[in-house]
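coords.cif (mmCIF, C-alpha atoms)
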```
data_protein
loop_
_atom_site.label_atom_id
_atom_site.label_comp_id
_atom_site.auth_asym_id
_atom_site.auth_seq_id
_atom_site.Cartn_x
_atom_site.Cartn_y
_atom_site.Cartn_z
CA MET A 13 -73.88 -39.15 -80.89
CA ASP A 14 -72.30 -42.04 -79.09
CA THR A 15 -73.42 -44.69 -81.54
CA GLU A 16 -70.79 -47.01 -82.92
CA GLU A 17 -68.66 -46.29 -79.93
CA TYR A 18 -67.31 -49.76 -80.23
CA ARG A 19 -67.53 -52.72 -82.53
CA ASP A 20 -65.97 -56.13 -82.69
CA HIS A 21 -63.88 -57.10 -85.70
CA PRO A 22 -60.92 -59.27 -86.67
CA VAL A 23 -57.48 -58.19 -85.53
CA ARG A 24 -55.37 -56.44 -88.14
CA SER A 25 -51.72 -57.33 -87.66
CA TYR A 26 -49.17 -54.75 -86.69
CA VAL A 27 -47.47 -54.90 -90.07
CA LEU A 28 -46.66 -51.21 -89.94
CA THR A 29 -44.52 -51.56 -86.86
CA SER A 30 -42.79 -54.76 -87.94
CA GLY A 31 -44.90 -56.74 -85.53
CA ARG A 32 -44.02 -54.70 -82.44
CA ALA A 33 -46.81 -53.75 -80.11
CA HIS A 34 -44.79 -51.69 -77.64
CA PRO A 35 -42.89 -48.44 -78.18
CA SER A 36 -39.24 -47.97 -77.31
CA ARG A 37 -40.16 -45.38 -74.67
CA ASN A 38 -43.02 -45.33 -72.19
CA THR A 39 -43.45 -41.59 -71.66
CA LEU A 40 -45.68 -41.12 -74.69
CA ARG A 41 -49.32 -40.41 -73.94
CA PRO A 42 -52.24 -39.48 -76.20
CA GLU A 43 -51.83 -35.85 -75.06
CA THR A 44 -48.05 -35.74 -75.59
CA LEU A 45 -47.21 -32.80 -77.85
CA LEU A 46 -45.07 -33.52 -80.89
CA ARG A 47 -43.18 -31.37 -83.35
CA ALA A 48 -41.12 -32.26 -86.40
CA VAL A 49 -37.43 -31.44 -86.43
CA GLU A 50 -37.32 -29.34 -89.60
CA SER A 51 -33.58 -29.62 -90.09
CA ARG A 52 -33.64 -33.40 -90.04
CA PRO A 53 -34.65 -35.16 -93.27
CA VAL A 54 -36.68 -38.33 -92.89
CA LEU A 55 -34.60 -41.43 -93.65
CA SER A 56 -35.09 -42.86 -97.11
CA THR A 57 -36.03 -46.16 -95.48
CA ALA A 58 -39.03 -44.56 -93.76
CA GLY A 59 -42.43 -45.61 -95.04
CA ARG A 60 -45.24 -43.48 -96.41
CA LEU A 61 -47.03 -43.27 -93.05
CA GLU A 62 -43.88 -42.18 -91.23
CA ARG A 63 -43.44 -39.38 -93.79
CA GLU A 64 -47.06 -38.34 -93.43
CA LEU A 65 -46.67 -38.37 -89.66
CA VAL A 66 -43.62 -36.08 -89.75
CA GLN A 67 -45.38 -33.85 -92.30
CA LEU A 68 -48.36 -33.46 -89.94
CA CYS A 69 -46.05 -32.39 -87.14
CA HIS A 70 -44.68 -29.31 -88.90
CA GLY A 71 -46.84 -27.57 -86.36
CA THR A 72 -47.41 -28.78 -82.81
CA LEU A 73 -50.00 -31.56 -82.41
CA ALA A 74 -50.79 -34.09 -79.71
CA LEU A 75 -50.14 -37.74 -80.43
CA ALA A 76 -53.89 -38.48 -80.39
CA GLU A 77 -54.48 -35.82 -83.05
CA VAL A 78 -51.78 -37.36 -85.24
CA ALA A 79 -53.45 -40.76 -84.80
CA ALA A 80 -56.85 -39.33 -85.72
CA TYR A 81 -55.55 -37.63 -88.86
CA LEU A 82 -53.65 -40.74 -89.94
CA GLN A 83 -56.72 -42.87 -89.05
CA LEU A 84 -54.57 -45.28 -87.07
CA PRO A 85 -54.91 -46.54 -83.48
CA ALA A 86 -53.06 -44.34 -80.97
CA SER A 87 -51.15 -47.36 -79.66
CA LEU A 88 -49.74 -48.02 -83.11
CA VAL A 89 -48.89 -44.36 -83.68
CA THR A 90 -47.09 -44.41 -80.32
CA VAL A 91 -44.71 -47.04 -81.68
CA MET A 92 -44.11 -45.04 -84.87
CA VAL A 93 -43.60 -41.78 -82.94
CA SER A 94 -41.17 -43.47 -80.60
CA ASP A 95 -39.04 -44.61 -83.54
CA LEU A 96 -39.18 -41.17 -85.15
CA VAL A 97 -38.07 -39.53 -81.90
CA ASP A 98 -35.18 -42.02 -81.73
CA ALA A 99 -34.30 -41.17 -85.34
CA GLY A 100 -34.27 -37.44 -84.53
CA ASN A 101 -37.20 -36.54 -86.81
CA LEU A 102 -39.62 -35.65 -84.02
CA THR A 103 -39.26 -33.88 -80.71
CA ILE A 104 -41.49 -34.21 -77.70
CA ARG A 105 -42.65 -30.73 -76.71
CA SER A 106 -44.38 -31.67 -73.52
CA ASN A 107 -42.77 -34.23 -71.33
CA HIS A 108 -43.60 -33.03 -67.88
CA GLN A 109 -43.63 -35.85 -65.38
CA ALA A 110 -45.55 -38.31 -67.48
CA HIS A 111 -47.00 -40.26 -64.55
CA VAL A 112 -47.69 -37.40 -62.19
CA LEU A 113 -50.76 -35.25 -61.81
CA PRO A 114 -50.30 -31.61 -62.81
CA GLY A 115 -49.19 -29.35 -59.97
CA LYS A 116 -51.28 -26.66 -58.33
CA ASP A 117 -49.64 -23.86 -60.31
CA ILE A 118 -50.68 -25.53 -63.54
CA LEU A 119 -54.21 -26.15 -62.24
CA GLU A 120 -54.52 -22.47 -61.34
CA LYS A 121 -53.49 -21.44 -64.84
CA ILE A 122 -56.02 -23.87 -66.35
CA LEU A 123 -58.73 -22.53 -64.08
CA ASP A 124 -57.96 -18.93 -65.07
CA GLY A 125 -58.05 -19.95 -68.73
CA LEU A 126 -61.37 -21.78 -68.39
CA ARG A 127 -62.98 -18.85 -66.58
CA LYS A 128 -62.05 -16.59 -69.50
CA LEU A 129 -63.71 -18.84 -72.09
CA MET B 12 -70.60 -35.02 -86.28
CA ASP B 13 -68.08 -35.20 -89.10
CA SER B 14 -64.51 -34.57 -88.15
CA ALA B 15 -61.64 -33.45 -90.31
CA ASN B 16 -60.13 -36.90 -90.07
CA SER B 17 -59.80 -37.29 -93.82
CA ASP B 18 -57.64 -34.19 -94.13
CA ARG B 19 -54.15 -35.32 -93.33
CA THR B 20 -52.53 -31.92 -93.65
CA ALA B 21 -54.65 -30.49 -90.83
CA PRO B 22 -54.54 -26.86 -92.00
CA GLY B 23 -55.10 -24.45 -89.17
CA GLN B 24 -55.37 -27.27 -86.66
CA HIS B 25 -51.89 -26.97 -85.22
CA LEU B 26 -51.46 -25.60 -81.76
CA ALA B 27 -49.97 -22.13 -81.38
CA PRO B 28 -46.14 -22.28 -81.29
CA THR B 29 -46.25 -20.94 -77.72
CA VAL B 30 -48.01 -24.08 -76.42
CA ALA B 31 -45.40 -26.15 -74.64
CA ARG B 32 -47.39 -28.41 -72.39
CA SER B 33 -50.58 -30.39 -72.43
CA VAL B 34 -52.93 -31.67 -69.77
CA LYS B 35 -55.95 -33.92 -70.06
CA ILE B 36 -59.32 -34.47 -68.56
CA LEU B 37 -61.26 -37.67 -69.14
CA VAL B 38 -64.93 -37.63 -69.99
CA VAL B 39 -66.32 -41.01 -69.01
CA GLY B 40 -69.77 -42.46 -68.86
CA ALA B 41 -72.08 -45.08 -70.28
CA PHE B 42 -72.92 -45.21 -73.98
CA GLY B 43 -75.17 -42.44 -75.25
CA VAL B 44 -74.78 -40.24 -72.19
CA GLY B 45 -73.46 -37.25 -74.15
CA LYS B 46 -69.69 -37.47 -73.85
CA THR B 47 -68.98 -36.47 -77.44
CA THR B 48 -71.64 -33.76 -77.26
CA LEU B 49 -69.96 -32.17 -74.25
CA ILE B 50 -66.53 -32.42 -75.83
CA GLY B 51 -67.85 -30.86 -79.04
CA ALA B 52 -69.47 -28.00 -77.09
CA VAL B 53 -66.18 -26.83 -75.58
CA SER B 54 -63.53 -27.96 -78.08
CA GLU B 55 -61.78 -25.43 -80.32
CA ILE B 56 -61.41 -28.11 -83.01
CA ASP B 57 -64.08 -30.42 -84.39
CA PRO B 58 -63.96 -33.50 -82.18
CA LEU B 59 -61.58 -36.10 -83.52
CA ARG B 60 -61.76 -39.84 -83.14
CA THR B 61 -59.17 -42.54 -82.76
CA GLU B 62 -59.94 -46.18 -82.44
CA GLU B 63 -58.09 -48.64 -80.28
CA ARG B 64 -58.17 -52.39 -80.42
CA ILE B 65 -58.31 -54.00 -77.02
CA THR B 66 -58.63 -57.56 -75.91
CA THR B 67 -61.35 -57.99 -73.35
CA ALA B 68 -61.90 -61.02 -71.21
CA SER B 69 -65.54 -61.98 -71.03
CA VAL B 70 -66.86 -61.68 -67.51
CA GLY B 71 -68.39 -64.65 -65.76
CA ILE B 72 -66.69 -67.30 -67.82
CA ASP B 73 -64.63 -70.10 -66.26
CA PRO B 74 -61.30 -68.42 -65.35
CA GLY B 75 -59.39 -71.45 -66.58
CA GLN B 76 -60.90 -70.97 -69.99
CA PRO B 77 -60.45 -67.28 -70.64
CA ASN B 78 -62.78 -66.32 -73.42
CA LYS B 79 -61.15 -63.28 -74.93
CA GLU B 80 -62.44 -61.15 -77.72
CA THR B 81 -60.96 -58.25 -79.58
CA THR B 82 -62.99 -55.09 -79.56
CA THR B 83 -62.50 -51.74 -81.22
CA VAL B 84 -63.19 -48.85 -78.88
CA ALA B 85 -63.58 -45.35 -80.22
CA MET B 86 -62.11 -42.46 -78.29
CA ASP B 87 -63.51 -39.07 -79.24
CA PHE B 88 -61.54 -36.09 -78.12
CA GLY B 89 -61.24 -32.34 -78.35
CA ARG B 90 -58.89 -29.60 -77.28
CA ILE B 91 -58.95 -26.18 -75.64
CA THR B 92 -55.92 -23.91 -75.61
CA VAL B 93 -56.53 -22.60 -72.09
CA THR B 94 -53.48 -20.34 -71.84
CA ASP B 95 -50.74 -19.24 -74.23
CA ASP B 96 -48.68 -22.23 -73.22
CA ILE B 97 -51.14 -24.95 -72.06
CA ALA B 98 -53.45 -27.09 -74.18
CA LEU B 99 -56.20 -29.01 -72.41
CA TYR B 100 -57.29 -32.24 -74.07
CA LEU B 101 -60.64 -33.85 -73.34
CA PHE B 102 -60.73 -37.57 -73.98
CA GLY B 103 -64.10 -39.27 -74.08
CA THR B 104 -64.09 -42.96 -73.33
CA PRO B 105 -66.63 -45.57 -72.30
CA GLY B 106 -66.22 -46.39 -68.64
CA GLN B 107 -67.35 -50.00 -68.46
CA ARG B 108 -65.17 -52.60 -66.86
CA ARG B 109 -64.37 -54.40 -70.07
CA PHE B 110 -62.71 -51.25 -71.41
CA TRP B 111 -60.66 -50.78 -68.29
CA ASP B 112 -57.30 -51.49 -69.94
CA LEU B 113 -57.90 -48.64 -72.32
CA TRP B 114 -58.80 -45.96 -69.87
CA ALA B 115 -56.48 -47.04 -67.07
CA GLY B 116 -53.66 -45.84 -69.32
CA LEU B 117 -55.59 -42.71 -70.13
CA ALA B 118 -56.13 -41.86 -66.47
CA ASP B 119 -52.38 -41.79 -65.92
CA GLY B 120 -51.46 -38.16 -65.29
CA ALA B 121 -54.98 -36.81 -65.88
CA VAL B 122 -56.21 -33.70 -64.05
CA GLY B 123 -59.37 -35.63 -63.36
CA ALA B 124 -62.51 -37.05 -64.89
CA LEU B 125 -65.99 -35.85 -65.64
CA VAL B 126 -68.44 -38.69 -65.09
CA LEU B 127 -71.52 -38.08 -67.22
CA ILE B 128 -74.78 -39.41 -65.85
CA ASP B 129 -78.18 -39.83 -67.46
CA THR B 130 -80.77 -39.92 -64.68
CA ARG B 131 -83.12 -41.87 -66.96
CA HIS B 132 -80.57 -44.72 -66.81
CA LEU B 133 -78.87 -44.18 -63.47
CA GLU B 134 -77.94 -47.85 -63.09
CA ASP B 135 -75.70 -47.58 -66.19
CA SER B 136 -73.42 -45.31 -64.17
CA PHE B 137 -72.74 -47.64 -61.28
CA GLU B 138 -70.09 -49.65 -63.06
CA VAL B 139 -68.30 -46.53 -64.31
CA LEU B 140 -68.16 -45.02 -60.82
CA ASP B 141 -67.01 -48.32 -59.33
CA GLN B 142 -64.15 -48.53 -61.82
CA LEU B 143 -63.03 -44.96 -61.10
CA GLU B 144 -63.15 -45.37 -57.34
CA LEU B 145 -61.52 -48.79 -57.29
CA HIS B 146 -58.74 -48.29 -59.78
CA THR B 147 -57.73 -44.67 -59.93
CA LYS B 148 -56.98 -41.92 -57.48
CA ILE B 149 -57.91 -39.17 -59.87
CA PRO B 150 -60.39 -36.54 -58.78
CA PHE B 151 -63.76 -36.67 -60.51
CA THR B 152 -66.91 -34.66 -60.77
CA VAL B 153 -70.31 -36.16 -61.50
CA VAL B 154 -72.17 -34.35 -64.26
CA VAL B 155 -75.90 -34.93 -64.63
CA ASN B 156 -76.60 -34.34 -68.31
CA GLN B 157 -80.09 -32.89 -68.57
CA PHE B 158 -82.10 -34.45 -71.35
CA PRO B 159 -85.48 -32.92 -72.29
CA ASP B 160 -87.32 -35.87 -70.73
CA SER B 161 -85.02 -36.34 -67.72
CA PRO B 162 -86.90 -36.75 -64.45
CA ASP B 163 -86.51 -33.73 -62.21
CA TYR B 164 -84.59 -35.32 -59.34
CA PRO B 165 -82.92 -33.04 -56.82
CA LEU B 166 -79.12 -33.40 -57.06
CA GLU B 167 -78.92 -34.59 -53.46
CA ARG B 168 -81.18 -37.51 -54.33
CA VAL B 169 -78.93 -38.42 -57.24
CA ARG B 170 -75.91 -38.10 -54.95
CA ALA B 171 -77.50 -40.51 -52.49
CA ALA B 172 -78.52 -42.94 -55.21
CA LEU B 173 -74.96 -42.99 -56.53
CA ASP B 174 -73.53 -43.24 -53.00
CA LEU B 175 -71.01 -40.46 -53.68
CA LEU B 176 -68.50 -39.28 -51.12
CA PRO B 177 -69.53 -35.96 -49.54
CA GLU B 178 -66.58 -34.15 -51.16
CA THR B 179 -67.32 -35.37 -54.67
CA PRO B 180 -68.93 -32.52 -56.61
CA ILE B 181 -72.14 -33.18 -58.51
CA VAL B 182 -73.47 -30.65 -61.02
CA GLU B 183 -76.20 -30.39 -63.62
CA CYS B 184 -75.34 -29.58 -67.19
CA ASP B 185 -76.70 -29.26 -70.69
CA ALA B 186 -73.87 -30.94 -72.58
CA ARG B 187 -74.83 -29.09 -75.78
CA ASP B 188 -74.36 -25.71 -74.16
CA ARG B 189 -70.83 -24.34 -74.11
CA PRO B 190 -71.03 -22.19 -70.94
CA SER B 191 -72.74 -25.05 -69.13
CA ALA B 192 -70.07 -27.54 -70.26
CA VAL B 193 -67.25 -25.13 -69.37
CA LEU B 194 -68.71 -24.82 -65.86
CA THR B 195 -68.38 -28.57 -65.35
CA LEU B 196 -64.68 -28.32 -66.24
CA ILE B 197 -64.21 -25.42 -63.81
CA THR B 198 -65.92 -27.44 -61.05
CA LEU B 199 -63.62 -30.40 -61.73
CA VAL B 200 -60.40 -28.37 -61.75
CA GLU B 201 -61.42 -26.57 -58.55
CA HIS B 202 -62.01 -29.98 -56.99
CA ALA B 203 -58.67 -31.27 -58.29
CA MET B 204 -56.93 -28.38 -56.52
CA THR B 205 -58.05 -29.77 -53.19
CA PHE B 206 -56.22 -33.03 -53.94
CA PRO B 207 -52.62 -33.64 -52.83
CA VAL B 208 -50.34 -32.56 -55.66
CA PHE B 209 -47.79 -34.79 -57.34
CA GLN B 210 -49.81 -37.78 -56.30
CA LYS B 211 -49.09 -40.93 -58.24
CA VAL B 212 -51.91 -42.55 -60.15
CA ASN B 213 -52.22 -46.29 -59.67
CA ALA B 214 -49.20 -46.19 -57.37
#
```
Go through the file and emit its structure as structure tokens.
Amino acid sequence: MDTEEYRDHPVRSYVLTSGRAHPSRNTLRPETLLRAVESRPVLSTAGRLERELVQLCHGTLALAEVAAYLQLPASLVTVMVSDLVDAGNLTIRSNHQAHVLPGKDILEKILDGLRKL
Amino acid sequence: MDSANSDRTAPGQHLAPTVARSVKILVVGAFGVGKTTLIGAVSEIDPLRTEERITTASVGIDPGQPNKETTTVAMDFGRITVTDDIALYLFGTPGQRRFWDLWAGLADGAVGALVLIDTRHLEDSFEVLDQLELHTKIPFTVVVNQFPDSPDYPLERVRAALDLLPETPIVECDARDRPSAVLTLITLVEHAMTFPVFQKVNA
């Protein structure tokens, strides 16, 4: 099950993000929920992967899910998502206190939900 | 365990429109301890995988001559819509020190972590527990994954061998079994509720 959990291989350059390794915002996490802005057409300068990314987000998905479906590293998708949020093509649905643990009220709701599974 | 990774349209995989926030729990442990199995047992979607490239410094090499290598680490994850408006994500990640950069970022804002243990290879868990205790303040629960040939150690003996704090929960689990895996999550969230809220991670 956990085989091939890691492997060593040559670095592929960050061509897709024009060589940038860091996103323009630091609130994006693998679990951050994303949604496409339907009314906003993707710029004609956007690449194929950006279009696919926006297409995927016509329903709500977490950033990690988008990365998995696009078969790209989450760190790279974070850079792309950041640009698409800046361009108005994506909205962040969940942006609650990115660096803070969930509050007790949220934990209680999670607990209730888990007990009903 | 094939995922739907090749299907880029993700039909039926979107969250309900009512879901407006997400939380995460980390599932950490040594290789082969059953992280992906546990995630698969509770997830509402087939577990997905993303890969991350990280640069790891080799340990024990002359510090003046950092010998760095690039490694691809796979992160398997799943999701449970726990209420109409909250999605819980479970991120499985290897816990060894050389992957610390990867999961330090993941731990940020997490409800907590499940630390999976295989009692046949208890020593593999020491490094994972050390990393969690040293570098994060997130609550964790130790989960002894029961393999068919696992020795029948009482939990208190495992607790002592791992030198756990008295308040750290330790539970047995069959990671393949959904109710059993759900119980580990319940134990962790109950434990997390005893922690001070709005506490900063890595502050």
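Here CA of Asp119 (chain B) is placed at a distance of 25.6 Å from CA of Pro28 (chain B).
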Quiz item: Got a sec: who's within 12 Å of Pro190 (chain B), counting all atoms listed in the file, leaving out chain neighbours fewer than 5 positions off, as an MDAnalysis selection string?
Solution: (chainID A and resid 126:129) or (chainID B and resid 49 52:54 184:185 195:197)
Exercise. Point out the residue among B:Thr147, B:Thr94, B:Gln24, B:Thr205 with the least atom-to-atom distance to Cys69 (chain A), counting all atoms listed in the file.
Key: B:Gln24
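Look at Gly89 (chain B): the protein and nucleic acid residues within 10 Å of it, using all atoms listed in the file and passing over chain neighbours fewer than 5 places away, are Ala76 and Glu77 of chain A; Lys35, Thr47, Leu49, Ile50, Gly51, Ala52, Val53, Ser54, Glu55, Ile56, Asp57, Pro58, Leu59, Arg60, Leu99, Tyr100, Leu101, Phe102 and Gly103 of chain B.
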Self-check item: Non-local contacts of Glu144 (chain B) (12 Å; only C-alpha atoms; under 2 positions in same chain excluded) as a PyMOL selection string
Solution: chain B and resi 106+115+124+126+137-142+146-152+174-176+179+212-213
Please identify all polymer residues within 7 Å of Leu127 (chain B), counting all atoms listed in the file, omitting same-chain residues fewer than 3 positions from it, and present them as an mmCIF file with C-alpha atoms, in the coordinates of the input.
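The new file part-v9.cif reads:
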```cif
data_model
loop_
_atom_site.group_PDB
_atom_site.id
_atom_site.type_symbol
_atom_site.label_atom_id
_atom_site.label_comp_id
_atom_site.auth_asym_id
_atom_site.auth_seq_id
_atom_site.Cartn_x
_atom_site.Cartn_y
_atom_site.Cartn_z
ATOM 1 C CA VAL B 39 -66.320 -41.010 -69.010
ATOM 2 C CA GLY B 40 -69.770 -42.460 -68.860
ATOM 3 C CA VAL B 44 -74.780 -40.240 -72.190
ATOM 4 C CA LYS B 46 -69.690 -37.470 -73.850
ATOM 5 C CA VAL B 153 -70.310 -36.160 -61.500
ATOM 6 C CA VAL B 154 -72.170 -34.350 -64.260
ATOM 7 C CA VAL B 155 -75.900 -34.930 -64.630
ATOM 8 C CA ASN B 156 -76.600 -34.340 -68.310
#
```
Exercise. Find the residues around Thr61 (chain B) up to 12 Å (all atoms listed in the file counted), leave out those fewer than 2 positions away in its own chain, and share them as a ChimeraX atom specification.
Key: /A:17-18,42,75-89 /B:14,16,58-59,63-64,83-89,102-104
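Residues matched by the PyMOL selection byres ((chain A and resi 121) around 12) in this file: Pro114, Gly115, Lys116, Asp117, Ile118, Leu119, Glu120, Ile122, Leu123, Asp124, Gly125, Leu126, Arg127 and Lys128 of chain A; Arg32, Val34, Thr92, Val93, Thr94, Asp95, Asp96, Ile97, Ala98, Leu99, Ile197, Val200, Glu201 and Met204 of chain B.
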Quiz item: Got a sec to resolve the PyMOL selection byres ((chain A and resi 66) around 8) on this structure and send the residues as a count of residues only?
Solution: 13
Quiz item: Quick one: distance from CA of Gly59 (chain A) to CA of Val30 (chain B) in Å, one decimal?
Solution: 29.0 Å
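Comparing the minimum interatomic distances between Leu40 (chain A) and each of A:Leu55, A:Leu61, A:Ala74, A:Ala99, counting only C-alpha atoms, we find that A:Ala74 sits nearest.
Proximity to Arg187 (chain B) was assessed for B:Ser33, B:Phe42, B:Gln157, B:Leu143 counting only C-alpha atoms; the smallest distance is recorded for B:Gln157.
Using only C-alpha atoms, the smallest distance between any of B:Leu166, B:Arg109, B:Ala121, B:Ile65 and chain A comes from B:Ala121.
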Quiz prompt | Distance in Å - CA of Leu96 (chain A) versus CA of Ala118 (chain B) | solution = 25.2 Å
Quiz prompt | Picked residues, the PyMOL selection byres ((chain A and resi 72) around 6), expected as a list in words | solution = Leu46, Arg47, Cys69, Gly71 and Leu73 of chain A; His25 and Leu26 of chain B
